[in-house]
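Undergrad: My questions will all concern the structure given below.
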Amino acid sequence: MANLIVRPEWFLPESRVTPERAFQNRRQFLQSLGLGAAGTLALGAGAVARAAEKSAAGSKYPARRNPDFNPGWRLTNEKIAGNYNNFYEFSLDKGEVAPLAQRLTISPWPIEVTGLVEKPMTLDASELAERFPLEERVYRLRCVEAWAMIVPWTGFSLSKLIEAAQPKPAAKFVRFFTFNRPSEAPGMVRLRQYPWPYFEGLRMDEAMHPLTLLATGIYGKPLPRQHGAPVRLVVPWKYGFKSIKSIVKLEFVQTQPTSFWETLAADEYPFEANVNPKVPHPRWSQAFERMIDTDDRVRTQPYNGYGDSVARLYGKA
Ligand SMILES: Nc1nc2c(c(=O)[nH]1)N[C@H]1C(S)=C(S)[C@@H](COP(=O)(O)O)O[C@H]1N2
Ligand SMILES: [Mo]
């Protein structure tokens, strides 16, 4: 047995020779049997491969791609998207967010659903995938700063959670809140003048629109912290700041609430914030956007290209 313990010089960690997904699934499977590396020896490679396949079918990632939301666009490079993040709780520097965000504790993660609902509830983020089937959707995301990306999110329509909470007729808006943990988020300490925690809001019809996603994953894996783990909003026809990350609370209210950026500069970041190439930001044009990985300059589309399904919400054909 000694040669199994003393690694030969050609030894490579399995993670380096097996595609990441297969590796993770196999590990999960072995762990579920209470087996470590010894399990590999006992079962043999073929049995492990078959068992890992079964376990992959049971695991939540990657989720089934919804063909309605996969138009065959070229995806933004995953590494670049994961190292170019707006998450002011950690840093104003997009490249610094990913390393700093790793200190965020994401388990347990209770989410409170409250306000004007028949069924207020608190559920943990880990329960979401059990209650609401996950699917993968490719969306464009357009930041108000005139950069854009195209990413595969994993999640479910926010409408499913709203239906479970049963809003009362008086509920006309939903408010969303991010965590309030300065001890884990240095930006919250450094940017003391900001009205933390980050908060956002949608009209009820916007929140109920099938495009509005609660995302728990990206690129076929659970969300990394810099993208808003464990659960964030994605509203693809609005500027990116509406897509609030790391949500801890949803509150149903009667009158139009404010939002974090609106409080700071209402003329630059209005509550509605629909992507519109014809309405310039006070300090720059919104006619074009830059793809973050290729630097391609792309013409910005009304509603970020989602006008066919959302323009009717705004009384436009
Ligand atoms: N809590 C929180 N959510 C947030 C932000 C933030 O600073 N804090 N930034 C927003 C902005 S401006 C954008 S463009 C997107 C960026 O998402 P990404 O980093 O996953 O690409 O997150 C949005 N959600
Ligand atoms: Mo943004």
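To be explicit about the labels: the chains of the structure tokens are called A, B, and onward in the order shown, and within each one the residues are counted from 1, while ligands get numbers from 1 in the order they are shown.
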Could you produce a table of the residues of chain A lying within 9 Å of ligand 2, with the nearest pair of atoms per residue and their separation in Å rounded to one decimal, using only C-alpha atoms and all ligand atoms, ordered by chain and increasing residue number, as a Markdown table?
TA:
| residue | atom | partner | partner_atom_place_in_ligand_line | distance |
| --- | --- | --- | --- | --- |
| A:Asn85 | CA | ligand 2 | 1 (Mo) | 8.6 |
| A:Asn86 | CA | ligand 2 | 1 (Mo) | 6.3 |
| A:Phe87 | CA | ligand 2 | 1 (Mo) | 9.0 |
| A:Leu141 | CA | ligand 2 | 1 (Mo) | 8.9 |
| A:Arg142 | CA | ligand 2 | 1 (Mo) | 7.2 |
| A:Cys143 | CA | ligand 2 | 1 (Mo) | 3.8 |
| A:Val144 | CA | ligand 2 | 1 (Mo) | 5.1 |
| A:Glu145 | CA | ligand 2 | 1 (Mo) | 6.0 |
| A:Ala146 | CA | ligand 2 | 1 (Mo) | 8.3 |
| A:Trp147 | CA | ligand 2 | 1 (Mo) | 8.2 |
| A:Tyr239 | CA | ligand 2 | 1 (Mo) | 6.3 |
| A:Gly240 | CA | ligand 2 | 1 (Mo) | 4.2 |
| A:Phe241 | CA | ligand 2 | 1 (Mo) | 4.5 |
| A:Lys242 | CA | ligand 2 | 1 (Mo) | 8.0 |
| A:Ser243 | CA | ligand 2 | 1 (Mo) | 8.5 |
Undergrad: What lies within 8 Å of stretch 249-255 of chain A using only C-alpha atoms, ignoring chain neighbours under 3 positions off, as number ranges by chain?
TA: A: 111-117, 167, 170-178
Undergrad: If you run DSSP over the backbone, which residues in stretch 150-305 of chain A end up helix (DSSP H, G or I)? Put them as a PyMOL selection string.
TA: chain A and resi 158-165+186-190+204-208+225-227+240-242+260-264+302-305
Undergrad: What's around A:Arg283 at 12 Å? Count only C-alpha atoms, leave out sequence neighbours fewer than 2 positions away in its own chain, and write the answer as a ChimeraX atom specification.
TA: /A:144-146,267-269,279-281,285-286
Undergrad: From a DSSP pass on the backbone, collect the residues of stretch 80-133 of chain A flagged as strand (DSSP E) and hand them back as a ChimeraX atom specification.
TA: /A:110-115,121-124
Undergrad: Could you check which of A:Leu313, A:Leu158, A:Leu264, A:Val275 is closest to A:Thr300, using only C-alpha atoms?
TA: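 Comparing A:Leu313, A:Leu158, A:Leu264, A:Val275 against A:Thr300, the winner is A:Val275.
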Undergrad: Name the residues in contact with A:Leu104 at a cut-off of 9 Å, using only C-alpha atoms, excluding same-chain residues fewer than 4 positions from it; report them as an MDAnalysis selection string.
TA: chainID A and resid 100 181 184:185 225 229
Undergrad: Please save N, CA, C and O atoms of the selected residues as a compact mmCIF listing (two decimals), in the first residue's frame.
TA:
# COMPACT_ATOMS: atom_id res chain seq x y z
N LEU A 100 -11.65 40.60 -1.88
CA LEU A 100 -12.20 41.08 -0.60
C LEU A 100 -13.49 40.36 -0.23
O LEU A 100 -13.77 40.12 0.95
N ARG A 181 -23.21 44.14 7.17
CA ARG A 181 -22.14 43.51 7.95
C ARG A 181 -20.81 44.20 7.71
O ARG A 181 -19.94 43.68 7.02
N GLU A 184 -17.48 42.34 7.79
CA GLU A 184 -17.03 41.48 6.69
C GLU A 184 -16.88 42.25 5.38
O GLU A 184 -16.45 41.69 4.38
N ALA A 185 -17.27 43.51 5.38
CA ALA A 185 -17.34 44.26 4.12
C ALA A 185 -16.68 45.63 4.29
O ALA A 185 -17.33 46.60 4.70
N ARG A 225 -18.99 34.83 -4.43
CA ARG A 225 -19.37 35.96 -3.58
C ARG A 225 -19.36 37.28 -4.32
O ARG A 225 -20.23 38.12 -4.11
N ALA A 229 -23.39 36.23 -4.00
CA ALA A 229 -23.81 35.02 -3.30
C ALA A 229 -24.53 35.38 -2.00
O ALA A 229 -24.24 36.42 -1.41
Undergrad: Counting only C-alpha atoms and all ligand atoms, which of A:Met121, A:Leu233, A:Met204, A:Met291 gets nearest to ligand 1?
TA: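 Nearest to ligand 1: A:Leu233.
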Undergrad: Which residue, A:Tyr139, A:Tyr88, A:Phe156, A:Phe69, has the smallest gap to ligand 1 when you use only C-alpha atoms and all ligand atoms?
TA: A:Tyr88
Undergrad: Give me, as number ranges by chain, all polymer residues having an atom no more than 12 Å from stretch 130-133 of chain A, counting only C-alpha atoms and skipping those fewer than 5 positions away in the same chain.
TA: A: 58-61, 63-66, 123-125, 154-164, 213-216
Undergrad: Output C-alpha atoms of each residue in that selection to a file, as a PDB file, in the first residue's frame.
TA:
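selection_12.pdb, freshly written:
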ATOM      1  CA  GLY A  58     -29.299  14.810  -8.678  1.00  0.00           C
ATOM      2  CA  SER A  59     -27.152  17.862  -8.057  1.00  0.00           C
ATOM      3  CA  LYS A  60     -28.512  21.335  -8.839  1.00  0.00           C
ATOM      4  CA  TYR A  61     -25.624  22.581 -10.985  1.00  0.00           C
ATOM      5  CA  ALA A  63     -29.188  23.501 -14.103  1.00  0.00           C
ATOM      6  CA  ARG A  64     -31.138  22.753 -17.272  1.00  0.00           C
ATOM      7  CA  ARG A  65     -30.763  25.517 -19.839  1.00  0.00           C
ATOM      8  CA  ASN A  66     -34.072  27.127 -20.656  1.00  0.00           C
ATOM      9  CA  LEU A 123     -36.246  30.810   4.537  1.00  0.00           C
ATOM     10  CA  ASP A 124     -32.593  29.997   4.205  1.00  0.00           C
ATOM     11  CA  ALA A 125     -30.891  30.512   0.846  1.00  0.00           C
ATOM     12  CA  THR A 154     -28.904  30.008 -12.760  1.00  0.00           C
ATOM     13  CA  GLY A 155     -32.066  30.806 -10.866  1.00  0.00           C
ATOM     14  CA  PHE A 156     -35.834  31.073 -11.017  1.00  0.00           C
ATOM     15  CA  SER A 157     -38.407  33.758 -11.723  1.00  0.00           C
ATOM     16  CA  LEU A 158     -38.899  36.024  -8.727  1.00  0.00           C
ATOM     17  CA  SER A 159     -42.631  35.672  -9.430  1.00  0.00           C
ATOM     18  CA  LYS A 160     -42.504  32.121  -7.994  1.00  0.00           C
ATOM     19  CA  LEU A 161     -41.344  33.391  -4.609  1.00  0.00           C
ATOM     20  CA  ILE A 162     -43.838  36.262  -4.708  1.00  0.00           C
ATOM     21  CA  GLU A 163     -46.676  33.843  -5.439  1.00  0.00           C
ATOM     22  CA  ALA A 164     -45.622  31.752  -2.442  1.00  0.00           C
ATOM     23  CA  LEU A 213     -34.773  36.467 -11.978  1.00  0.00           C
ATOM     24  CA  LEU A 214     -33.597  35.503  -8.522  1.00  0.00           C
ATOM     25  CA  ALA A 215     -30.168  34.109  -9.344  1.00  0.00           C
ATOM     26  CA  THR A 216     -28.328  31.607  -7.169  1.00  0.00           C
TER      27      THR A 216
END
Undergrad: So that I can check the surroundings of A:Pro152, please list as a VMD selection string every protein, DNA and RNA residue that reaches within 7 Å of it, counting only C-alpha atoms and ignoring chain neighbours fewer than 6 positions away.
TA: chain A and resid 136 to 139 218 to 219
Undergrad: Filtering to C-alpha atoms, could you give me those residues as a JSON list (two decimals), in the first residue's frame?
TA:
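Everything below was put into out-v4.json:
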[["chain", "number", "residue", "atom", "x", "y", "z"],
["A", 136, "GLU", "CA", -30.15, 28.46, -16.65],
["A", 137, "ARG", "CA", -30.77, 31.61, -18.68],
["A", 138, "VAL", "CA", -28.39, 33.67, -20.77],
["A", 139, "TYR", "CA", -28.98, 37.40, -20.21],
["A", 218, "ILE", "CA", -23.66, 31.83, -12.74],
["A", 219, "TYR", "CA", -21.67, 29.88, -15.36]]
Undergrad: What is the distance between atom CA of A:Gly305 and atom CA of A:Asn274, in Å to one decimal?
TA: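 Atom CA of A:Asn274 lies 10.9 Å from atom CA of A:Gly305.
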Undergrad: Of the residues A:Val189, A:Ile292, A:Ala81, A:Ile150, which is the one nearest to ligand 1, using only C-alpha atoms and all ligand atoms?
TA: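 Looking only at the distances to ligand 1, the closest residue turns out to be A:Ala81.
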Undergrad: Between atom CA of A:Phe90 and atom 6 (C, counted along the ligand's line) of ligand 1, what distance in Å does the model show, to one decimal?
TA: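 Pair atom CA of A:Phe90 / atom 6 (C, counted along the ligand's line) of ligand 1 returns 8.7 Å.
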Undergrad: Give the answer as one residue: which of A:Pro210, A:Gly307, A:Gly72, A:Gly201 has the shortest atom-to-atom distance to ligand 1, using only C-alpha atoms and all ligand atoms?
TA: A:Gly201
Undergrad: Given only C-alpha atoms and all ligand atoms as the basis, pick out the residue of A:Thr263, A:Gln102, A:Gln226, A:Gln301 nearest to ligand 1.
TA: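 Looking at the shortest contact to ligand 1, the residue is A:Gln226.
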Undergrad: In Å, rounded to a single decimal, give me how far atom CA of A:Glu200 is from atom CA of A:Pro186.
TA: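 Those two atoms sit 20.7 Å apart.
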